[in-house]
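Structure data (compact mmCIF, C-alpha atoms) from structure.txt:
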# COMPACT_ATOMS: atom_id res chain seq x y z
CA MET A 128 -27.54 -20.00 11.39
CA ARG A 129 -28.13 -16.87 13.47
CA GLN A 130 -30.19 -15.25 10.71
CA ARG A 131 -32.44 -18.31 10.46
CA ILE A 132 -33.61 -17.92 14.06
CA PRO A 133 -36.38 -15.27 14.37
CA LEU A 134 -35.38 -12.14 16.28
CA GLY A 135 -38.04 -12.70 18.93
CA MET A 136 -36.78 -16.22 19.66
CA ARG A 137 -33.17 -15.04 19.83
CA GLN A 138 -34.19 -12.35 22.29
CA GLU A 139 -36.01 -14.81 24.55
CA ILE A 140 -33.02 -17.17 24.53
CA ARG A 141 -30.70 -14.31 25.40
CA HIS A 142 -33.07 -13.06 28.09
CA CYS A 143 -33.08 -16.51 29.76
CA TRP A 144 -29.29 -16.64 29.56
CA ARG A 145 -28.99 -13.26 31.25
CA LEU A 146 -31.35 -14.32 34.04
CA TRP A 147 -29.25 -17.43 34.63
CA ASN A 148 -26.00 -15.45 34.51
CA ASP A 149 -27.34 -12.85 36.97
CA ARG A 150 -28.40 -15.59 39.37
CA CYS A 151 -25.02 -17.30 39.17
CA ASN A 152 -23.28 -13.99 39.90
CA GLY A 153 -25.59 -13.07 42.77
CA MET A 154 -26.99 -10.06 40.92
CA ARG A 155 -30.25 -8.82 42.42
CA PHE A 156 -32.27 -5.82 41.30
CA ASP A 157 -34.42 -3.59 43.47
CA ARG A 158 -38.03 -3.70 42.28
CA SER A 159 -39.51 -1.68 45.12
CA VAL A 160 -42.27 0.74 44.25
CA GLY A 161 -43.65 3.36 46.60
CA ASP A 162 -43.90 6.98 47.62
CA LEU A 163 -40.56 8.43 48.63
CA ALA A 164 -41.53 11.36 50.83
CA VAL A 165 -39.62 14.60 50.64
CA GLY A 166 -41.15 16.97 53.17
CA ASP A 167 -44.87 16.89 52.45
CA ALA A 168 -44.41 15.73 48.85
CA ALA A 169 -43.93 12.30 47.27
CA VAL A 170 -42.69 10.85 44.03
CA GLY A 171 -45.35 11.35 41.39
CA ASN A 172 -45.96 15.00 42.30
CA LEU A 173 -43.24 16.35 40.04
CA GLY A 174 -42.02 19.86 40.71
CA GLN A 175 -43.28 19.97 44.30
CA ARG A 176 -39.98 19.09 46.00
CA PRO A 177 -36.23 19.67 45.53
CA SER A 178 -34.99 17.17 42.95
CA ILE A 179 -32.79 16.66 39.92
CA GLY A 180 -34.96 17.04 36.84
CA LEU A 181 -34.91 16.97 33.05
CA VAL A 182 -37.40 18.01 30.39
CA GLN A 183 -37.15 16.59 26.86
CA PRO A 184 -39.24 17.27 23.77
CA ILE A 185 -40.97 14.29 22.17
CA MET A 186 -40.05 15.04 18.57
CA PRO A 187 -42.36 14.23 15.63
CA SER A 188 -41.21 11.16 13.69
CA ASP A 189 -42.47 8.00 12.01
CA PHE A 190 -45.03 6.22 14.23
CA PHE A 191 -45.25 9.36 16.39
CA GLU A 192 -48.50 8.43 18.15
CA ASN A 193 -47.18 4.95 18.86
CA LYS A 194 -43.95 6.43 20.22
CA GLN A 195 -45.98 8.64 22.56
CA ALA A 196 -47.97 5.63 23.73
CA ASN A 197 -44.83 3.53 24.28
CA ILE A 198 -43.11 6.30 26.25
CA ARG A 199 -46.26 6.77 28.32
CA ARG A 200 -46.51 3.04 29.05
CA GLY A 201 -42.82 2.75 29.90
CA ALA A 202 -42.93 5.84 32.13
CA ALA A 203 -45.88 4.38 34.03
CA LEU A 204 -43.90 1.19 34.68
CA LEU A 205 -40.83 3.13 35.88
CA ASP A 206 -42.63 5.85 37.84
CA ARG A 207 -42.23 5.70 41.64
CA GLY A 208 -39.56 3.03 41.26
CA LEU A 209 -37.22 3.06 44.25
CA ILE A 210 -33.53 2.16 44.29
CA GLY A 211 -32.52 1.35 47.84
CA ALA A 212 -29.18 2.36 49.31
CA HIS A 213 -26.36 0.32 47.72
CA LYS A 214 -28.82 -1.61 45.54
CA ALA A 215 -28.93 -2.24 41.78
CA TRP A 216 -31.61 -1.32 39.22
CA SER A 217 -32.42 -2.69 35.74
CA PHE A 218 -34.52 -1.06 33.02
CA TRP A 219 -35.87 -4.36 31.65
CA HIS A 220 -36.51 -5.84 35.09
CA ARG A 221 -38.79 -2.83 35.66
CA VAL A 222 -40.43 -2.52 32.25
CA GLY A 223 -40.71 -6.15 31.17
CA ARG A 224 -40.93 -7.54 27.65
CA PRO A 225 -41.93 -4.79 25.18
CA HIS A 226 -44.70 -6.61 23.33
CA ALA A 227 -48.41 -6.00 22.73
CA ALA A 228 -49.52 -8.04 25.76
CA ASN A 229 -47.52 -5.61 27.94
CA GLY A 230 -49.16 -2.57 26.33
CA PHE A 231 -46.57 -1.64 23.71
CA LEU A 232 -47.07 -0.71 20.05
CA PRO A 233 -44.82 -0.88 16.96
CA GLY A 234 -42.41 2.01 16.56
CA ARG A 235 -39.12 2.72 14.88
CA ASN A 236 -35.90 1.00 15.96
CA ILE A 237 -32.36 0.73 14.63
CA VAL A 238 -31.59 -2.86 13.57
CA GLY A 239 -28.51 -3.77 11.54
CA GLY A 240 -27.89 -0.16 10.56
CA LYS A 241 -31.47 0.35 9.34
CA LEU A 242 -34.53 2.02 10.81
CA VAL A 243 -37.29 -0.57 11.11
CA ALA A 244 -40.72 -0.88 12.72
CA LEU A 245 -40.79 -3.11 15.81
CA SER A 246 -42.79 -3.24 19.03
CA GLY A 247 -41.65 -0.90 21.79
CA GLY A 248 -40.05 1.69 19.51
CA GLY A 249 -39.42 4.96 21.32
CA LEU A 250 -38.42 3.45 24.67
CA CYS A 251 -34.85 4.55 24.01
CA GLN A 252 -35.91 8.13 24.78
CA LEU A 253 -37.06 6.98 28.21
CA SER A 254 -33.94 4.91 28.90
CA SER A 255 -31.79 7.83 27.73
CA MET A 256 -33.50 10.16 30.19
CA VAL A 257 -32.94 7.64 32.99
CA TYR A 258 -29.24 7.44 32.03
CA HIS A 259 -28.85 11.22 32.01
CA LEU A 260 -30.63 11.53 35.37
CA ALA A 261 -28.38 8.80 36.78
CA LEU A 262 -25.26 10.73 35.72
CA LEU A 263 -26.61 13.92 37.28
CA GLY A 264 -27.54 12.07 40.47
CA GLY A 265 -24.17 10.42 40.96
CA LEU A 266 -25.44 6.88 40.39
CA THR A 267 -23.02 4.21 39.16
CA VAL A 268 -23.67 2.96 35.62
CA LEU A 269 -23.27 -0.83 35.54
CA GLU A 270 -24.40 -1.28 31.94
CA ARG A 271 -25.18 1.20 29.20
CA HIS A 272 -25.15 0.88 25.42
CA PRO A 273 -25.02 3.89 23.07
CA HIS A 274 -26.77 3.87 19.73
CA SER A 275 -24.58 2.64 16.91
CA LEU A 276 -25.75 5.46 14.63
CA ASP A 277 -26.37 9.16 15.05
CA ILE A 278 -29.45 9.72 12.87
CA TYR A 279 -30.45 13.20 14.05
CA GLU A 280 -29.84 16.69 12.81
CA GLU A 281 -29.18 19.15 15.65
CA HIS A 282 -32.74 20.54 15.63
CA GLN A 283 -34.16 17.00 15.88
CA ARG A 284 -32.38 15.92 19.06
CA PHE A 285 -34.35 15.14 22.21
CA THR A 286 -31.16 14.71 24.28
CA PRO A 287 -27.51 15.72 23.81
CA LEU A 288 -25.41 13.39 21.69
CA GLY A 289 -23.64 11.17 24.21
CA ALA A 290 -26.56 11.16 26.66
CA ASP A 291 -28.29 8.29 24.89
CA ALA A 292 -28.78 4.74 26.19
CA THR A 293 -30.38 2.24 23.84
CA VAL A 294 -32.12 -0.86 25.20
CA VAL A 295 -32.78 -4.15 23.42
CA TRP A 296 -34.89 -6.81 25.13
CA GLY A 297 -32.67 -9.78 25.96
CA PHE A 298 -29.47 -8.18 24.65
CA LYS A 299 -28.93 -4.63 25.89
CA ASP A 300 -30.05 -3.32 29.27
CA LEU A 301 -29.55 -0.12 31.26
CA ARG A 302 -28.36 -1.08 34.73
CA LEU A 303 -27.55 1.25 37.61
CA HIS A 304 -26.28 1.05 41.18
CA ASN A 305 -27.13 3.47 43.96
CA PRO A 306 -23.90 4.21 45.86
CA HIS A 307 -25.61 6.61 48.26
CA PRO A 308 -26.46 5.67 51.87
CA PHE A 309 -30.10 6.59 51.17
CA PRO A 310 -32.74 5.47 48.64
CA VAL A 311 -33.51 7.40 45.47
CA ALA A 312 -36.50 7.25 43.16
CA PHE A 313 -37.47 8.16 39.61
CA GLY A 314 -40.60 10.10 38.77
CA PHE A 315 -42.02 10.74 35.28
CA ARG A 316 -44.77 12.67 33.57
CA VAL A 317 -45.60 12.44 29.87
CA GLU A 318 -47.27 15.36 28.09
CA PRO A 319 -48.28 15.43 24.41
CA SER A 320 -44.95 16.93 23.33
CA ARG A 321 -42.74 16.62 26.43
CA LEU A 322 -41.22 13.97 28.68
CA ILE A 323 -40.53 15.19 32.22
CA GLY A 324 -38.41 13.18 34.63
CA GLU A 325 -36.76 13.57 37.99
CA LEU A 326 -34.53 11.77 40.42
CA CYS A 327 -35.22 12.57 44.03
CA SER A 328 -34.49 11.45 47.58
CA ASP A 329 -35.43 12.26 51.14
CA ALA A 330 -31.80 13.30 51.64
CA ASP A 331 -29.89 16.16 50.07
CA LEU A 332 -29.11 15.05 46.51
CA THR A 333 -26.77 17.49 44.80
CA ALA A 334 -26.52 17.35 41.02
CA CYS A 335 -23.18 16.48 39.47
CA ASP A 336 -21.69 18.57 36.69
CA VAL A 337 -22.26 16.55 33.50
CA ALA A 338 -20.90 17.59 30.10
CA PHE A 339 -20.84 15.96 26.66
CA GLU A 340 -17.88 17.16 24.61
CA ARG A 341 -17.52 16.35 20.91
CA VAL A 342 -14.27 15.37 19.26
CA GLU A 343 -14.41 15.50 15.46
CA LEU A 344 -13.02 12.42 13.73
CA GLU A 345 -12.71 11.43 10.09
CA PRO A 346 -16.24 11.63 8.56
CA PRO A 347 -18.70 10.09 9.08
CA TRP A 348 -17.48 9.41 12.63
CA VAL A 349 -17.73 11.59 15.72
CA GLN A 350 -16.61 10.96 19.29
CA VAL A 351 -18.36 12.26 22.41
CA ASN A 352 -16.55 12.39 25.75
CA THR A 353 -18.84 12.22 28.76
CA LEU A 354 -17.46 14.16 31.72
CA VAL A 355 -18.87 13.92 35.25
CA ASP A 356 -17.50 16.55 37.62
CA GLN A 357 -14.79 17.21 35.01
CA ARG A 358 -13.64 13.57 34.99
CA LEU A 359 -13.89 11.42 31.88
CA LEU A 360 -16.50 8.69 32.38
CA VAL A 361 -16.75 7.25 28.88
CA ALA A 362 -15.85 8.07 25.27
CA THR A 363 -18.46 7.07 22.68
CA VAL A 364 -17.96 6.93 18.91
CA TYR A 365 -20.94 7.28 16.55
CA GLU A 366 -21.39 6.86 12.82
CA GLN A 367 -23.39 9.83 11.55
CA ARG A 368 -26.26 8.80 9.26
CA GLN A 369 -28.69 11.71 9.33
CA GLY A 370 -31.82 11.31 7.25
CA LEU A 371 -32.17 7.54 7.67
CA GLN A 372 -35.70 6.38 6.80
CA VAL A 373 -37.80 3.53 8.20
CA SER A 374 -37.67 0.26 6.23
CA PRO A 375 -40.52 -2.09 7.28
CA LEU A 376 -39.52 -5.60 8.31
CA GLY A 377 -41.50 -8.67 7.34
CA ARG A 378 -42.36 -9.79 10.86
CA PRO A 379 -45.39 -9.36 13.14
CA ALA A 380 -45.88 -5.89 14.56
CA ASP A 381 -45.76 -7.18 18.15
CA THR A 382 -42.29 -8.72 17.74
CA PRO A 383 -40.12 -7.26 20.51
CA GLY A 384 -37.21 -5.30 19.20
CA PRO A 385 -34.41 -2.92 20.02
CA SER A 386 -34.94 0.76 20.58
Could you express the structure from this file as structure tokens?
Amino acid sequence: MRQRIPLGMRQEIRHCWRLWNDRCNGMRFDRSVGDLAVGDAAVGNLGQRPSIGLVQPIMPSDFFENKQANIRRGAALLDRGLIGAHKAWSFWHRVGRPHAANGFLPGRNIVGGKLVALSGGGLCQLSSMVYHLALLGGLTVLERHPHSLDIYEEHQRFTPLGADATVVWGFKDLRLHNPHPFPVAFGFRVEPSRLIGELCSDADLTACDVAFERVELEPPWVQVNTLVDQRLLVATVYEQRQGLQVSPLGRPADTPGPS
């Protein structure tokens, strides 16, 4: 029965269910946007103030130009996004549905253990950077989903294994909580081959010590322990499937899909 319902319809049903569930549980997400001043600088002027920052390569892959466009569109929707003191934040509540009407293009996604072409492909690099910045900035992770597969060789990685956070419209979100007594904000800049991000505040925000330690298991499995200030936060197990190739799906290119 599940397979007879189109993916896009299943995602919309699930999205509505999550909205209802959040409302019943009193969950509210900060959607504030603005300039968080730090001295004479503000979010959007990356590198001009003390902050916690990351730089990732945008690696060549299938649908590379579309991936660049999707990352650029997603970064624009997340840029200057504030998280007030003791407030929650949601990736999808910020970005919105990843379809053509929202400015997204088809890119590669992992669906059912296969690489396929669906709208919004590449957003997982952006959500993964947000997750990594959140760990460094001492934010609380309310919801995060790792990829089910590790498809990269070491020279192909844009982020350490274990620092990933996949997002699937309607099903999988990245949700954070700001435990600090002051607001924080994300800032992003997208260059042709690099994604630059930062987490900053008008208060002193000291970076946590974050490490991703591998534990070898029986092939093809590998475990990664995520340590924050030398304390275990989460252990993630991946199936290693390097060299996986894109298999086109027989559905419209603007169908929203997982990343």
> Hey, which of A:Thr333, A:Thr267, A:Asn197, A:Thr293 ends up closest to Ser254 in chain A? Count all atoms listed in the file.
Replying inline: A:Thr293
Each range 172-262 of chain A residue no farther than 6 Å from range 302-313 of chain A, nearest pair in Å, all atoms listed in the file, as JSON lines:
{"residue": "A:Asp206", "atom": "CA", "partner": "A:Phe313", "partner_atom": "CA", "distance": 5.9}
{"residue": "A:Arg207", "atom": "CA", "partner": "A:Phe313", "partner_atom": "CA", "distance": 5.7}
{"residue": "A:Gly208", "atom": "CA", "partner": "A:Ala312", "partner_atom": "CA", "distance": 5.5}
{"residue": "A:Leu209", "atom": "CA", "partner": "A:Ala312", "partner_atom": "CA", "distance": 4.4}
{"residue": "A:Ile210", "atom": "CA", "partner": "A:Val311", "partner_atom": "CA", "distance": 5.4}
{"residue": "A:Gly211", "atom": "CA", "partner": "A:Pro310", "partner_atom": "CA", "distance": 4.2}
{"residue": "A:Ala212", "atom": "CA", "partner": "A:Phe309", "partner_atom": "CA", "distance": 4.7}
{"residue": "A:His213", "atom": "CA", "partner": "A:Pro306", "partner_atom": "CA", "distance": 5.0}
{"residue": "A:Lys214", "atom": "CA", "partner": "A:Asn305", "partner_atom": "CA", "distance": 5.6}
{"residue": "A:Ala215", "atom": "CA", "partner": "A:His304", "partner_atom": "CA", "distance": 4.3}
{"residue": "A:Trp216", "atom": "CA", "partner": "A:Leu303", "partner_atom": "CA", "distance": 5.1}
{"residue": "A:Ser217", "atom": "CA", "partner": "A:Arg302", "partner_atom": "CA", "distance": 4.5}
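Shortest atom-to-atom contact with Pro287 in chain A among A:Ser320, A:Gln183, A:Gln367, A:Ser275: A:Gln183, counting all atoms listed in the file.
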> Distance CA of Ala338 in chain A-CA of Gln357 in chain A, one decimal place?
Replying inline: 7.8 Å
> Hey, can you check how far CA of Asn229 in chain A sits from CA of Gly201 in chain A?
Replying inline: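 So the two atoms, CA of Asn229 in chain A and CA of Gly201 in chain A, lie 9.8 Å apart.
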> Which is closest to Asp331 in chain A among A:Phe315, A:Gly289, A:Cys143, A:Ile179, if we use only C-alpha atoms?
Replying inline: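 Answer, going by the shortest atom-to-atom distance: A:Ile179.
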> Using all atoms listed in the file, which of the listed residues (A:Val243, A:Ala290, A:Val349, A:Ala228) sits closest to Arg271 in chain A?
Replying inline: A:Ala290
>> Just want the 12 Å neighbourhood of Arg200 in chain A, counted on all atoms listed in the file, with same-chain residues fewer than 5 positions away dropped. Output as a PyMOL selection string.
In response: chain A and resi 193-195+205-206+221-223+225-232+247-250+253+315-317
>> When you count all atoms listed in the file, which of these residues is closest to His274 in chain A: A:Glu192, A:Glu366, A:Glu139, A:Asp149?
In response: A:Glu366
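Counting all atoms listed in the file and comparing A:Gly314, A:Pro346, A:Trp144, A:Val364, the residue that lies closest to Gly161 in chain A is A:Gly314.
Take CA of Glu340 in chain A and CA of Asp189 in chain A: the distance between them is 29.1 Å.
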